[in-house]
Amino acid sequence: MDRNQLSKEILTLVGGEENVEQVIHCMTRLRFNLHDDKKAQKEQLQKTDGVMGVMESGGQFQVIIGNDVANVYKSLVSNMSKAPQSETGASTASKKKQNPISQLFDFIAGMFTPILPAITGAGMIKGIIALLVAMHWMSDKSQTYTILAAIGDGAFYFLPIILAVSAARKLGSNMFIGAAIGASILHPDITALLASNVKVSFIGLPVTAATYSSTVIPIVIAIWLASYVEKFIDKYTHASLKLLVVPTLTLLIIVPLILVAVGPLGSIIGNGLSGGISWLFENTGALAGLLLGGTFSLIIMTGMHYALVPIMIGSIATLGYDYMIPIMGAANLAQAGATLGVFLKSKNAKVKTVAFSTSLTAIMGVTEPAMYGVNMRFKKPFTAALIGGAVGGGFMSLFGTKAYVVGGLVGLPGLAMFIGPTFLYAILGLIIAFVVATIVTYVIGFTDEKNEEAPQVADAAGSISTKGVAQSAVSSLPKGETIPVFSPIMGEVKPLSEVNDPAFSQEIMGRGWAIEPSEGRVVSPVDGTVFSISKSGHAVGLVSDSGLEMLIHVGMDTVKLKGLHFTPHLKAGDRVKVGDLILEFDLVEIRKAGYETITPVIVTNVDQFSELEPAGNQHKVVKEQELLYTVIV
């Protein structure tokens with residue numbers, strides 16, 4: 001994939017640079033804030049090679065790229081004449097009208113997306129430490145443990161500061177004032193004062209004891225209020241005094257406000273949400289897991305999963321564990337299982353390749369390529385993934401499965417998050433979700449895509465079909481009959497294993513041999529009929545009078561040339577004899593364009609024959625109409 005070209009196409013199709021207010025990226029998506037979503041060509045974007053899907057959620061226009069999103073983002077930014085964010089990193093205020101729910105999700109997503117790497121890294125370190133201690137490979141009394149624990153705990157202990165910076169950036173206020181607010185409430189003297197058993201007050205106002213380390217909601221509310229206070233003071237302060245007055249008054253107003261009112265309120269909300277979720281999982285048996293596991297992929301589609309992040313972090317901080325993270329893992333593994341089911345069921349080489357690779361990606365915790373690139377594309381596998389997530393989640397909920405640290409990727413890399421008394425149930429729940437989704441996908445099936453290059457027959461109505469034609473011809477031949485296939489191209493004969501495409505090298509499309517051309521002509525290798533010539537002219541499908549269904553595919557990925565350098569001389573339905581010219585191609589220009597020209601010449605209905613025998617000229621130059629191989633009935 002040419003990332004630079006892809007980024008240019010995306011930029012054009014979202015309405016051009018002038019329509020982009022802000023763009024960031026997460027693990028798999030480009031997240032645009034557009035001035036006018038109607039200017040984006042959604043359908044055309046979805047058809048763009050390299051784009052797995054497009055969705056609108058939480059006020060954002062999201063283009064799903066997959067694992068290469070970071071590199072595409074860099075190319076995108078380099079193709080813009082101005083940075084998509086201000087110099088401080090703050091996003092400009094949205095000019096679009098959004099409903100309050102969309103605004104909330106946009107804010108939460110924009111706040112948490114940039115800090116996920118820090119949380120992920122720290123969470124994984126905490127999980128690794130737990131594993132090392134559990135296996136008795138490291139003592140929790142050692143100095144090494146102390147240092148590693150500090151590395152793992154640092155991002156979580158000082159989470160209010162990290163969140164303050166990210167929230168201020170999203171709200172367009174000063175990030176460093178936000179950091180100062182977060183640092184103030186985490187100051188050792190404040191922490192010690194609030195932890196004491198004495199009554200605390202500030203200018204006569206009571207200060208409620210609260211713990212702010214590792215919390216989310218208090219600082220988020222505080223920075224939201226600070227953005228209004230900062231902008232109000234800035235509006236009525238003379239330019240010469242802004243640097244002195246604005247930060248001073250903002251800090252003096254907001255920090256005491258947190259201690260007196262916001263902090264206790266945020267703690268009550270956070271503890272209430274964590275406690276409510278815990279009560280639900282502890283008192284409803286499998287029901288809570290069934291509901292969350294069966295709907296979590298839908299929650300991801302809407303962007304609402306970011307609203308769960310504060311609750312999960314709050315649960316870990318206050319209770320020491322969380323019930324939702326394992327069920328997220330079940331939903332992710334169910335997506336992986338569904339794509340594996342597609343891989344096992346599909347007959348299309350390209351679909352099988354995409355399904356297998358995205359299944360592996362989903363197993364590693366990145367589900368968007370599997371979800372949007374395969375499961376939603378075929379619809380029924382997505383339903384199977386929801387079923388698998390529900391069953392796995394229900395199992396986990398039934399046995400009270402917990403996560404003990406927060407990590408970014410809930411898949412195989414995040415197994416360390418589950419190390420604890422319920423670790424075995426976590427593993428079993430993930431396996432159940434994966435297996436159920438795989439089996440359901442395979443059983444209920446889906447509408448498969450036909451192989452793009454498969455030879456086809458044009459019927460009287462103009463549609464393409466080979467059904468019955470080749471079969472009847474083959475059935476009339478005596479057992480042991482031999483059918484000669486002559487070389488359609490002059491060049492060196494090579495085995496299919498040397499073709500740089502698994503659809504051919506693994507004989508998924510059919511069996512035969514390939515030719516590295518020495519001239520740009522394709523003639524008919526059999527007497528029969530041309531059943532299809534691709535629009536790009538690079539592939540020809542034939543059926544011989546004896547029933548061979550054949551495919552001649554000139555070069556690899558040459559479909560991308562869109563017909564350039566190819567000149568067909570026949571059309572679907574034309575009769576041919578051995579040696580009749582079918583098409584010509586410019587061998588030199590195709591190679592100059594960077595494409596391989598090795599050409600498979602294969603029998604696609606090989607299951608109707610007993611054997612293919614080479615003519616003994618492998619790795620030798622053959623001429624047109626020279627015997628290439630023999631097919632035995």
# chains A, B, ... in the order shown; residues from 1 in each chain; ligands from 1
>>> residues_around(residues="Tyr321 of chain A", least_positions_apart="6", cutoff="9 Å", atoms="only C-alpha atoms", output="VMD selection string")
chain A and resid 312 315 402 to 405
>>> closest_residue(among="A:Ala155, A:Ile254, A:Ala330, A:Val588", to="Lys126 of chain A", atoms="only C-alpha atoms")
A:Ala155
>>> residues_around(residues="Tyr145 of chain A", least_positions_apart="6", cutoff="8 Å", atoms="only C-alpha atoms", output="VMD selection string")
chain A and resid 129 138 to 139
>>> write_last_selection(atoms="N, CA, C and O atoms", output="PDB file, in the first residue's frame")
ATOM      1  N   ILE A 129       4.983  -7.814  36.361  1.00  0.00           N
ATOM      2  CA  ILE A 129       5.464  -7.918  37.742  1.00  0.00           C
ATOM      3  C   ILE A 129       4.650  -8.954  38.511  1.00  0.00           C
ATOM      4  O   ILE A 129       5.196  -9.792  39.238  1.00  0.00           O
ATOM      5  N   MET A 138      10.672 -13.529  41.235  1.00  0.00           N
ATOM      6  CA  MET A 138      11.124 -12.265  41.804  1.00  0.00           C
ATOM      7  C   MET A 138      10.422 -12.063  43.150  1.00  0.00           C
ATOM      8  O   MET A 138       9.229 -12.354  43.282  1.00  0.00           O
ATOM      9  N   SER A 139      11.142 -11.578  44.111  1.00  0.00           N
ATOM     10  CA  SER A 139      10.568 -11.328  45.430  1.00  0.00           C
ATOM     11  C   SER A 139       9.960  -9.932  45.488  1.00  0.00           C
ATOM     12  O   SER A 139      10.533  -8.967  44.957  1.00  0.00           O
TER      13      SER A 139
END
>>> select_by_dssp(residues="segment 355-583 of chain A", states="alpha helix (DSSP H)", output="VMD selection string")
chain A and resid 355 to 363 368 to 370 376 to 378 380 to 398 423 to 444 469 to 475 502 to 505
>>> write_last_selection(atoms="C-alpha atoms", output="mmCIF file, in the first residue's frame")
data_model
loop_
_atom_site.group_PDB
_atom_site.id
_atom_site.type_symbol
_atom_site.label_atom_id
_atom_site.label_comp_id
_atom_site.auth_asym_id
_atom_site.auth_seq_id
_atom_site.Cartn_x
_atom_site.Cartn_y
_atom_site.Cartn_z
ATOM 1 C CA ALA A 355 -9.626 -13.150 7.400
ATOM 2 C CA PHE A 356 -6.621 -15.073 8.697
ATOM 3 C CA SER A 357 -4.438 -11.999 9.169
ATOM 4 C CA THR A 358 -7.171 -9.963 10.869
ATOM 5 C CA SER A 359 -8.000 -12.906 13.120
ATOM 6 C CA LEU A 360 -4.415 -12.882 14.372
ATOM 7 C CA THR A 361 -4.602 -9.113 14.869
ATOM 8 C CA ALA A 362 -7.813 -9.448 16.892
ATOM 9 C CA ILE A 363 -6.263 -12.183 19.040
ATOM 10 C CA GLU A 368 -11.212 -3.083 14.274
ATOM 11 C CA PRO A 369 -9.589 -4.724 11.202
ATOM 12 C CA ALA A 370 -11.461 -7.971 11.922
ATOM 13 C CA MET A 376 -19.379 -6.606 9.386
ATOM 14 C CA ARG A 377 -18.592 -6.924 5.701
ATOM 15 C CA PHE A 378 -20.205 -10.396 5.633
ATOM 16 C CA LYS A 380 -23.478 -13.051 9.726
ATOM 17 C CA PRO A 381 -19.963 -13.473 11.166
ATOM 18 C CA PHE A 382 -20.536 -10.260 13.133
ATOM 19 C CA THR A 383 -23.660 -11.830 14.641
ATOM 20 C CA ALA A 384 -21.597 -14.922 15.452
ATOM 21 C CA ALA A 385 -19.024 -12.703 17.187
ATOM 22 C CA LEU A 386 -21.762 -11.151 19.341
ATOM 23 C CA ILE A 387 -22.950 -14.644 20.286
ATOM 24 C CA GLY A 388 -19.410 -15.776 21.124
ATOM 25 C CA GLY A 389 -18.823 -12.644 23.212
ATOM 26 C CA ALA A 390 -22.082 -13.201 25.081
ATOM 27 C CA VAL A 391 -21.307 -16.860 25.886
ATOM 28 C CA GLY A 392 -17.717 -16.134 26.930
ATOM 29 C CA GLY A 393 -18.787 -13.083 28.924
ATOM 30 C CA GLY A 394 -21.565 -15.026 30.631
ATOM 31 C CA PHE A 395 -19.096 -17.727 31.674
ATOM 32 C CA MET A 396 -16.688 -15.146 33.087
ATOM 33 C CA SER A 397 -19.445 -13.332 34.947
ATOM 34 C CA LEU A 398 -20.773 -16.596 36.404
ATOM 35 C CA PHE A 423 -6.965 -16.375 36.156
ATOM 36 C CA LEU A 424 -8.076 -19.852 35.012
ATOM 37 C CA TYR A 425 -11.653 -18.663 34.430
ATOM 38 C CA ALA A 426 -10.329 -15.748 32.371
ATOM 39 C CA ILE A 427 -8.389 -18.124 30.099
ATOM 40 C CA LEU A 428 -11.372 -20.482 29.750
ATOM 41 C CA GLY A 429 -13.739 -17.579 29.028
ATOM 42 C CA LEU A 430 -11.490 -16.273 26.248
ATOM 43 C CA ILE A 431 -11.217 -19.739 24.706
ATOM 44 C CA ILE A 432 -14.995 -20.260 24.914
ATOM 45 C CA ALA A 433 -15.712 -16.925 23.211
ATOM 46 C CA PHE A 434 -13.214 -17.700 20.438
ATOM 47 C CA VAL A 435 -14.394 -21.268 19.788
ATOM 48 C CA VAL A 436 -18.124 -20.449 19.943
ATOM 49 C CA ALA A 437 -17.751 -17.578 17.461
ATOM 50 C CA THR A 438 -15.695 -19.778 15.108
ATOM 51 C CA ILE A 439 -18.203 -22.632 15.172
ATOM 52 C CA VAL A 440 -21.268 -20.386 14.826
ATOM 53 C CA THR A 441 -19.706 -18.593 11.847
ATOM 54 C CA TYR A 442 -18.885 -21.868 10.145
ATOM 55 C CA VAL A 443 -22.350 -23.341 10.818
ATOM 56 C CA ILE A 444 -24.557 -20.380 9.855
ATOM 57 C CA VAL A 469 -20.879 -26.520 -19.226
ATOM 58 C CA ALA A 470 -17.479 -27.896 -18.235
ATOM 59 C CA GLN A 471 -18.946 -30.675 -16.102
ATOM 60 C CA SER A 472 -20.963 -32.120 -18.968
ATOM 61 C CA ALA A 473 -17.955 -32.004 -21.299
ATOM 62 C CA VAL A 474 -15.705 -33.773 -18.770
ATOM 63 C CA SER A 475 -18.299 -36.445 -17.954
ATOM 64 C CA PRO A 502 -0.527 -17.545 -1.983
ATOM 65 C CA ALA A 503 -3.687 -17.909 -4.078
ATOM 66 C CA PHE A 504 -1.480 -19.367 -6.804
ATOM 67 C CA SER A 505 1.594 -20.664 -4.946
#
>>> closest_residue(among="A:Ala261, A:Leu34, A:Ile233, A:Val354", to="Ser201 of chain A", atoms="only C-alpha atoms")
A:Ala261
>>> closest_residue(among="A:Ile151, A:Leu249, A:Val526, A:Ile508", to="Lys347 of chain A", atoms="only C-alpha atoms")
A:Ile508
